[in-house]
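Peer 1: First the structure, then my questions, so here it is.
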There are 2 protein chains.
Amino acid sequence: MLDPVSRVRRFNRAVTSAVGALDTSFLGRGRPLGAARVLNAIGHGRADVGDIRDYLGLDSGLMSRLLRSLEDEGLIETTAHADDARRRIARLTAAGKCEFNAYEAISNRQAKDFLGHHSQRDALLAAMDLIASALGRDGTALDEMDPRSDAARYCLGEYYAELARRFKQGFDVKLSRDPDAKDMVRPRGSFIVAMSDGLPLGCVGLTGTSDEFAEIKRLWVAPAARGLGLGRRLMDAAEKAARELGITVLRLDTNSALAEAGQLYRRTGWTEIPRFNDDPYPNLFFEKRL
Amino acid sequence: MLDPVSRVRRFNRAVTSAVGALDTSFLGRGRPLGAARVLNAIGHGRADVGDIRDYLGLDSGLMSRLLRSLEDEGLIETTAHADDARRRIARLTAAGKCEFNAYEAISNRQAKDFLGHHSQRDALLAAMDLIASALGRDGTALDEMDPRSDAARYCLGEYYAELARRFKQGFDVKLSRDPDAKDMVRPRGSFIVAMSDGLPLGCVGLTGTSDEFAEIKRLWVAPAARGLGLGRRLMDAAEKAARELGITVLRLDTNSALAEAGQLYRRTGWTEIPRFNDDPYPNLFFEKRL
DNA sequence: GCATATATCTGACTTTAGTCAGATATCACG
DNA sequence: CGTGATATCTGACTAAAGTCAGATATATGC
């Protein structure tokens, strides 16, 4: 009764029956599940027919028929792709948007109901993030984005909050050498965010101080995504960006309180070097030649 | 991106696609999913055909045909119910057991693989327990059982471990007035365990010290199941058992370090009374007249 | 014993999902 | 322009799931 495999299987059973209920709730609008899934994919911004087909794993014949039935209902319209007339682009009509909103309302209400009665709301959400990240491991994409974007600012906020928790003396961004956001944008640097299905799970910044040197800053991985190798993937992506920018030597500073980070650096070819700045927070300094 | 509803929906998406993969893995044995589900339900101990039908939500015609196909394959045999010849009882044949084991092996392997690569194994299992408990809220059954049974002993072990963590001075069962297990069995007392799909989620003991007095002991709820009202359900069940035993006054002792428990007692009609024993651990004493 | 309810079975049917072999239009490239 | 690749569509098909109206046998209560 304690054995891990039984616990996973208990979870599977619980979730399988919940998913069944979730599916059937989508049948309440007089449309088979397949058509509803296509409508929702389009509503969520997927326009390219081939893309939808891949995403939903449908045969091209079946896809074609489902599109036709939605078109007959007046919910979508398709046009040829501007650059490639073989490809088709689907868009919701006004009626389609209305119908899509009805499906969204069902989903939102279910999600809300699920959370509603629980006094353990936060723990439950954290558990869901953890499991979704573990399940969707391969679906996590690393996107280079502006450090002032919402996703990036969210990551940085979480990162600072974590430093404040983990440093004995706390953490105040203003006392640290905070790189200006525009230094972490090409051509001087880069900022990379790991996104999984809309949720930011981690980030890393690269800021070029001279033509050859650059610094890695702000490496952070969400608690829900730790242990999945995301930190390493982010560092690899940052190194790749550095190479593209012609950087030959990378540096970073960190604190021994962040043990996982230190381990990661040591395991991936970084070597410890003497202090190279007077920031009050770091006490460990690393370098890597590309 | 932080909003709870989106996080729940992200979880739903992740889990829906995982469940899809889980389903298709069951098709690898040349049998449609429906038949495989029936075979597995029987293998897991469901024998009554009507019960299986309810559990899987199948139409009686469909159910009949699925049973027939499994019978034709030689995997099950059906007999009439001993007390009611209209009802049918299904049982696996030797070949059926073999086939069922093959399905079990698939499930076990998947569960194992899922856990395999994760460095966050324990956190993941805890998250799965939490979510399965939250989803299966209504599936939690309170069973009266022997306090020496495996499930009961598991609960007690967890309970003691938790006391040891939460009491500043630690906890040693031997120093406490440990009621003899046989005092928590009818007709002198009772022991109730909350079981959800094979996992014990909580317990409570009732031990009669005289004809009219009895004590509530060992109330525990698994961390994964807190916030779902299980403590209250357990206490209600214990009170019901006490009434059945003719008890008119219930007592219990607890410690102020266990704040949730104290709150529960106060909210459910218990009144604080002076110390009534010399156990070193408790510092709060309650009574309730039935 | 008889009327009614219940559990299962049978046959005839529909819907949904999925497969596959071409047909058609368009693109990319020499 | 012609050739081969690509994206979508069409028609013909199958398998699985699900529905429904009786048929059959057994149980229950008067």
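Letters for chains follow the order of the structure tokens (A, B, ...), residue numbers begin at 1 for each chain, and ligand numbers begin at 1 in the order shown.
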Please find the residues of chain B near chain C - the criterion being any atom within 7 Å, counting only C-alpha atoms (C1' of nucleotides) - and write them as an mmCIF file with N, CA and C atoms, in the first residue's frame.

Peer 2:
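Okay, this is what ended up in iface_8.cif:
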```
data_model
loop_
_atom_site.group_PDB
_atom_site.id
_atom_site.type_symbol
_atom_site.label_atom_id
_atom_site.label_comp_id
_atom_site.auth_asym_id
_atom_site.auth_seq_id
_atom_site.Cartn_x
_atom_site.Cartn_y
_atom_site.Cartn_z
ATOM 1 N N SER B 64 -23.231 -7.138 -22.291
ATOM 2 C CA SER B 64 -23.492 -8.544 -22.588
ATOM 3 C C SER B 64 -22.594 -9.026 -23.722
ATOM 4 N N ARG B 86 -30.930 -14.529 -11.540
ATOM 5 C CA ARG B 86 -30.945 -13.561 -12.647
ATOM 6 C C ARG B 86 -29.584 -12.928 -12.810
ATOM 7 N N ARG B 87 -28.927 -12.698 -11.682
ATOM 8 C CA ARG B 87 -27.623 -12.047 -11.721
ATOM 9 C C ARG B 87 -26.546 -13.031 -12.139
#
```

Peer 1: Specify as a PyMOL selection string all residues of chain D found within 12 Å of chain B, counting only C-alpha atoms (C1' of nucleotides).

Peer 2: chain D and resi 15-21+24-28

Peer 1: Taking N, CA and C atoms (P, O5', C5', C4', C3', O3' and C1' of nucleotides) for each residue, export the selection above as a compact mmCIF listing (two decimals), in the first residue's frame.

Peer 2:
```txt
# COMPACT_ATOMS: atom_id res chain seq x y z
P DA D 15 -13.35 -4.76 -39.88
O5' DA D 15 -13.19 -3.81 -38.61
C5' DA D 15 -12.00 -3.03 -38.48
C4' DA D 15 -12.10 -2.26 -37.19
C3' DA D 15 -12.68 -3.06 -36.03
O3' DA D 15 -11.95 -2.69 -34.89
C1' DA D 15 -14.08 -1.19 -36.48
P DA D 16 -12.18 -3.48 -33.50
O5' DA D 16 -13.01 -2.43 -32.66
C5' DA D 16 -12.45 -1.12 -32.51
C4' DA D 16 -13.50 -0.24 -31.91
C3' DA D 16 -14.19 -0.82 -30.68
O3' DA D 16 -13.81 0.02 -29.60
C1' DA D 16 -15.76 0.16 -32.21
P DA D 17 -14.45 -0.20 -28.15
O5' DA D 17 -15.74 0.72 -28.23
C5' DA D 17 -15.57 2.09 -28.56
C4' DA D 17 -16.90 2.76 -28.55
C3' DA D 17 -17.76 2.46 -27.33
O3' DA D 17 -18.11 3.69 -26.75
C1' DA D 17 -19.01 2.15 -29.33
P DG D 18 -18.89 3.72 -25.38
O5' DG D 18 -20.40 3.89 -25.83
C5' DG D 18 -20.72 4.97 -26.70
C4' DG D 18 -22.08 4.73 -27.29
C3' DG D 18 -23.18 4.40 -26.27
O3' DG D 18 -24.17 5.39 -26.38
C1' DG D 18 -23.32 3.03 -28.18
P DT D 19 -25.36 5.47 -25.34
O5' DT D 19 -26.61 5.01 -26.22
C5' DT D 19 -26.82 5.63 -27.48
C4' DT D 19 -28.04 5.01 -28.12
C3' DT D 19 -29.20 4.76 -27.16
O3' DT D 19 -30.33 5.42 -27.69
C1' DT D 19 -28.75 2.83 -28.48
P DC D 20 -31.61 5.64 -26.79
O5' DC D 20 -32.57 4.45 -27.26
C5' DC D 20 -32.72 4.20 -28.66
C4' DC D 20 -33.51 2.93 -28.87
C3' DC D 20 -34.49 2.60 -27.73
O3' DC D 20 -35.73 2.26 -28.30
C1' DC D 20 -33.17 0.73 -28.24
P DA D 21 -37.04 2.31 -27.37
O5' DA D 21 -37.95 1.23 -28.13
C5' DA D 21 -37.66 0.89 -29.49
C4' DA D 21 -37.87 -0.60 -29.67
C3' DA D 21 -38.98 -1.20 -28.80
O3' DA D 21 -39.67 -2.18 -29.57
C1' DA D 21 -36.98 -2.34 -28.38
P DT D 24 -38.85 -15.47 -26.29
O5' DT D 24 -38.03 -15.61 -24.93
C5' DT D 24 -36.62 -15.77 -24.98
C4' DT D 24 -36.08 -15.81 -23.58
C3' DT D 24 -36.87 -16.70 -22.61
O3' DT D 24 -36.00 -17.72 -22.14
C1' DT D 24 -36.32 -14.62 -21.63
P DA D 25 -36.63 -18.94 -21.30
O5' DA D 25 -36.10 -18.63 -19.83
C5' DA D 25 -34.71 -18.35 -19.65
C4' DA D 25 -34.53 -17.70 -18.31
C3' DA D 25 -35.23 -18.45 -17.16
O3' DA D 25 -34.24 -18.74 -16.18
C1' DA D 25 -35.72 -16.13 -17.08
P DT D 26 -34.61 -19.68 -14.97
O5' DT D 26 -34.78 -18.62 -13.79
C5' DT D 26 -33.69 -17.76 -13.50
C4' DT D 26 -34.18 -16.65 -12.63
C3' DT D 26 -34.83 -17.11 -11.32
O3' DT D 26 -33.97 -16.69 -10.27
C1' DT D 26 -36.01 -15.31 -12.33
P DA D 27 -34.31 -17.00 -8.77
O5' DA D 27 -35.04 -15.66 -8.31
C5' DA D 27 -34.24 -14.52 -8.01
C4' DA D 27 -35.14 -13.36 -7.65
C3' DA D 27 -35.87 -13.50 -6.32
O3' DA D 27 -35.53 -12.38 -5.53
C1' DA D 27 -37.37 -12.88 -8.07
P DT D 28 -35.91 -12.37 -4.03
O5' DT D 28 -37.24 -11.50 -4.02
C5' DT D 28 -37.25 -10.21 -4.63
C4' DT D 28 -38.65 -9.62 -4.49
C3' DT D 28 -39.33 -9.91 -3.14
O3' DT D 28 -39.78 -8.68 -2.60
C1' DT D 28 -40.75 -10.51 -4.95
```

Peer 1: Compile the residues of chain B that lie within 9 Å of chain A, evaluated using only C-alpha atoms, and express the compilation as a PyMOL selection string.

Peer 2: chain B and resi 1-2+4-16+18-19+22+107-112+114-115+117-136+150-151+154+196-200+226-228

Peer 1: If you superpose chain A onto chain B over the full set of Cα atoms in sequence order, what number do you get for the RMSD in Å?

Peer 2: 0.4 Å

Peer 1: Would you mind reading off the distance between atom CA of B:Glu158 and atom CA of B:Arg251, one decimal, in Å?

Peer 2: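 One can read the atom CA of B:Glu158 to atom CA of B:Arg251 distance as 22.8 Å.
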
Peer 1: Please provide as a PyMOL selection string all residues within 12 Å of stretch 37-50 of chain B, with the sequence filter that same-chain residues fewer than 6 positions apart are discarded (counting only C-alpha atoms (C1' of nucleotides)).

Peer 2: (chain A and resi 13) or (chain B and resi 23+26-27+31+56-71+73-82+84-107+197-198) or (chain C and resi 6-8)

Peer 1: Need to verify the contact set: A:Leu250, 10 Å, only C-alpha atoms (C1' of nucleotides), exclusion of same-chain residues closer than 6 positions in sequence. Can you return it as a list in words?

Peer 2: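 The neighbour list is Leu206, Thr207, Gly208, Glu212, Phe213, Ala214, Glu215, Ile216, Ala238, Glu239, Ala242, Arg243, Trp270, Phe286, Glu287, Lys288, Arg289 and Leu290 of chain A.
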
Peer 1: Check stretch 54-181 of chain B with DSSP on the backbone and list each residue it calls alpha helix (DSSP H), as a VMD selection string.

Peer 2: chain B and resid 54 to 56 60 to 72 94 to 116 121 to 135 150 to 166

Peer 1: Enumerate as a ChimeraX atom specification all residues of stretch 29-139 of chain A assigned to strand (DSSP E) by DSSP on the backbone, naming them with the chain letters and numbers the document uses.

Peer 2: /A:76-80,88-92

Peer 1: If you count only C-alpha atoms (C1' of nucleotides), which residues fall within 10 Å of stretch 277-281 of chain B, apart from same-chain ones fewer than 3 positions away, as a PyMOL selection string?

Peer 2: chain B and resi 163+167+169-173+175-178+253-255+274+284-285

Peer 1: Taking N, CA, C and O atoms for each residue, export the selection above as a PDB file, in the first residue's frame.

Peer 2:
```
ATOM      1  N   LEU B 163       3.620  13.051  15.079  1.00  0.00           N
ATOM      2  CA  LEU B 163       3.730  13.619  16.428  1.00  0.00           C
ATOM      3  C   LEU B 163       5.197  13.909  16.753  1.00  0.00           C
ATOM      4  O   LEU B 163       5.533  14.954  17.301  1.00  0.00           O
ATOM      5  N   PHE B 167       5.882  17.718  17.871  1.00  0.00           N
ATOM      6  CA  PHE B 167       6.088  18.055  19.277  1.00  0.00           C
ATOM      7  C   PHE B 167       7.533  18.496  19.454  1.00  0.00           C
ATOM      8  O   PHE B 167       8.450  17.800  18.995  1.00  0.00           O
ATOM      9  N   GLN B 169       9.338  18.389  21.994  1.00  0.00           N
ATOM     10  CA  GLN B 169      10.099  17.406  22.764  1.00  0.00           C
ATOM     11  C   GLN B 169      10.123  16.026  22.085  1.00  0.00           C
ATOM     12  O   GLN B 169      10.592  15.057  22.675  1.00  0.00           O
ATOM     13  N   GLY B 170       9.617  15.948  20.851  1.00  0.00           N
ATOM     14  CA  GLY B 170       9.555  14.658  20.172  1.00  0.00           C
ATOM     15  C   GLY B 170       8.417  13.816  20.709  1.00  0.00           C
ATOM     16  O   GLY B 170       7.582  14.293  21.497  1.00  0.00           O
ATOM     17  N   PHE B 171       8.349  12.558  20.291  1.00  0.00           N
ATOM     18  CA  PHE B 171       7.270  11.695  20.761  1.00  0.00           C
ATOM     19  C   PHE B 171       7.760  10.259  20.825  1.00  0.00           C
ATOM     20  O   PHE B 171       8.369   9.752  19.889  1.00  0.00           O
ATOM     21  N   ASP B 172       7.493   9.625  21.925  1.00  0.00           N
ATOM     22  CA  ASP B 172       7.862   8.217  22.085  1.00  0.00           C
ATOM     23  C   ASP B 172       6.622   7.474  22.561  1.00  0.00           C
ATOM     24  O   ASP B 172       6.125   7.708  23.665  1.00  0.00           O
ATOM     25  N   VAL B 173       6.114   6.564  21.714  1.00  0.00           N
ATOM     26  CA  VAL B 173       4.865   5.862  22.044  1.00  0.00           C
ATOM     27  C   VAL B 173       4.929   5.237  23.422  1.00  0.00           C
ATOM     28  O   VAL B 173       3.952   5.218  24.153  1.00  0.00           O
ATOM     29  N   LEU B 175       6.186   6.138  26.122  1.00  0.00           N
ATOM     30  CA  LEU B 175       5.928   7.012  27.259  1.00  0.00           C
ATOM     31  C   LEU B 175       4.457   7.413  27.346  1.00  0.00           C
ATOM     32  O   LEU B 175       3.995   7.914  28.362  1.00  0.00           O
ATOM     33  N   SER B 176       3.731   7.226  26.257  1.00  0.00           N
ATOM     34  CA  SER B 176       2.329   7.641  26.206  1.00  0.00           C
ATOM     35  C   SER B 176       1.446   6.494  26.688  1.00  0.00           C
ATOM     36  O   SER B 176       1.858   5.341  26.721  1.00  0.00           O
ATOM     37  N   ARG B 177       0.219   6.841  27.091  1.00  0.00           N
ATOM     38  CA  ARG B 177      -0.712   5.790  27.483  1.00  0.00           C
ATOM     39  C   ARG B 177      -1.223   5.137  26.205  1.00  0.00           C
ATOM     40  O   ARG B 177      -2.230   5.540  25.643  1.00  0.00           O
ATOM     41  N   ASP B 178      -0.542   4.167  25.739  1.00  0.00           N
ATOM     42  CA  ASP B 178      -0.894   3.532  24.474  1.00  0.00           C
ATOM     43  C   ASP B 178      -2.003   2.509  24.711  1.00  0.00           C
ATOM     44  O   ASP B 178      -1.783   1.503  25.384  1.00  0.00           O
ATOM     45  N   ASP B 253      -7.857  13.525  24.568  1.00  0.00           N
ATOM     46  CA  ASP B 253      -6.802  14.468  24.917  1.00  0.00           C
ATOM     47  C   ASP B 253      -6.026  14.803  23.656  1.00  0.00           C
ATOM     48  O   ASP B 253      -5.992  14.026  22.703  1.00  0.00           O
ATOM     49  N   THR B 254      -5.440  15.989  23.634  1.00  0.00           N
ATOM     50  CA  THR B 254      -4.670  16.413  22.458  1.00  0.00           C
ATOM     51  C   THR B 254      -3.635  17.441  22.906  1.00  0.00           C
ATOM     52  O   THR B 254      -3.528  17.725  24.098  1.00  0.00           O
ATOM     53  N   ASN B 255      -2.897  17.949  21.943  1.00  0.00           N
ATOM     54  CA  ASN B 255      -1.851  18.912  22.275  1.00  0.00           C
ATOM     55  C   ASN B 255      -2.072  20.184  21.456  1.00  0.00           C
ATOM     56  O   ASN B 255      -2.478  20.109  20.296  1.00  0.00           O
ATOM     57  N   PRO B 274     -10.914  19.878  32.404  1.00  0.00           N
ATOM     58  CA  PRO B 274      -9.594  19.786  33.056  1.00  0.00           C
ATOM     59  C   PRO B 274      -8.907  18.455  32.714  1.00  0.00           C
ATOM     60  O   PRO B 274      -9.557  17.488  32.315  1.00  0.00           O
ATOM     61  N   LEU B 284      -4.308  19.505  26.327  1.00  0.00           N
ATOM     62  CA  LEU B 284      -5.687  19.958  26.146  1.00  0.00           C
ATOM     63  C   LEU B 284      -6.592  18.743  26.286  1.00  0.00           C
ATOM     64  O   LEU B 284      -6.262  17.661  25.774  1.00  0.00           O
ATOM     65  N   PHE B 285      -7.735  18.939  26.948  1.00  0.00           N
ATOM     66  CA  PHE B 285      -8.630  17.810  27.211  1.00  0.00           C
ATOM     67  C   PHE B 285     -10.049  18.217  26.857  1.00  0.00           C
ATOM     68  O   PHE B 285     -10.469  19.330  27.183  1.00  0.00           O
TER      69      PHE B 285
END
```

Peer 1: Can you tell me how far atom CA of B:Gly157 sits from atom CA of B:Phe276, in Å to one decimal?

Peer 2: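 These two atoms are separated by 25.6 Å.
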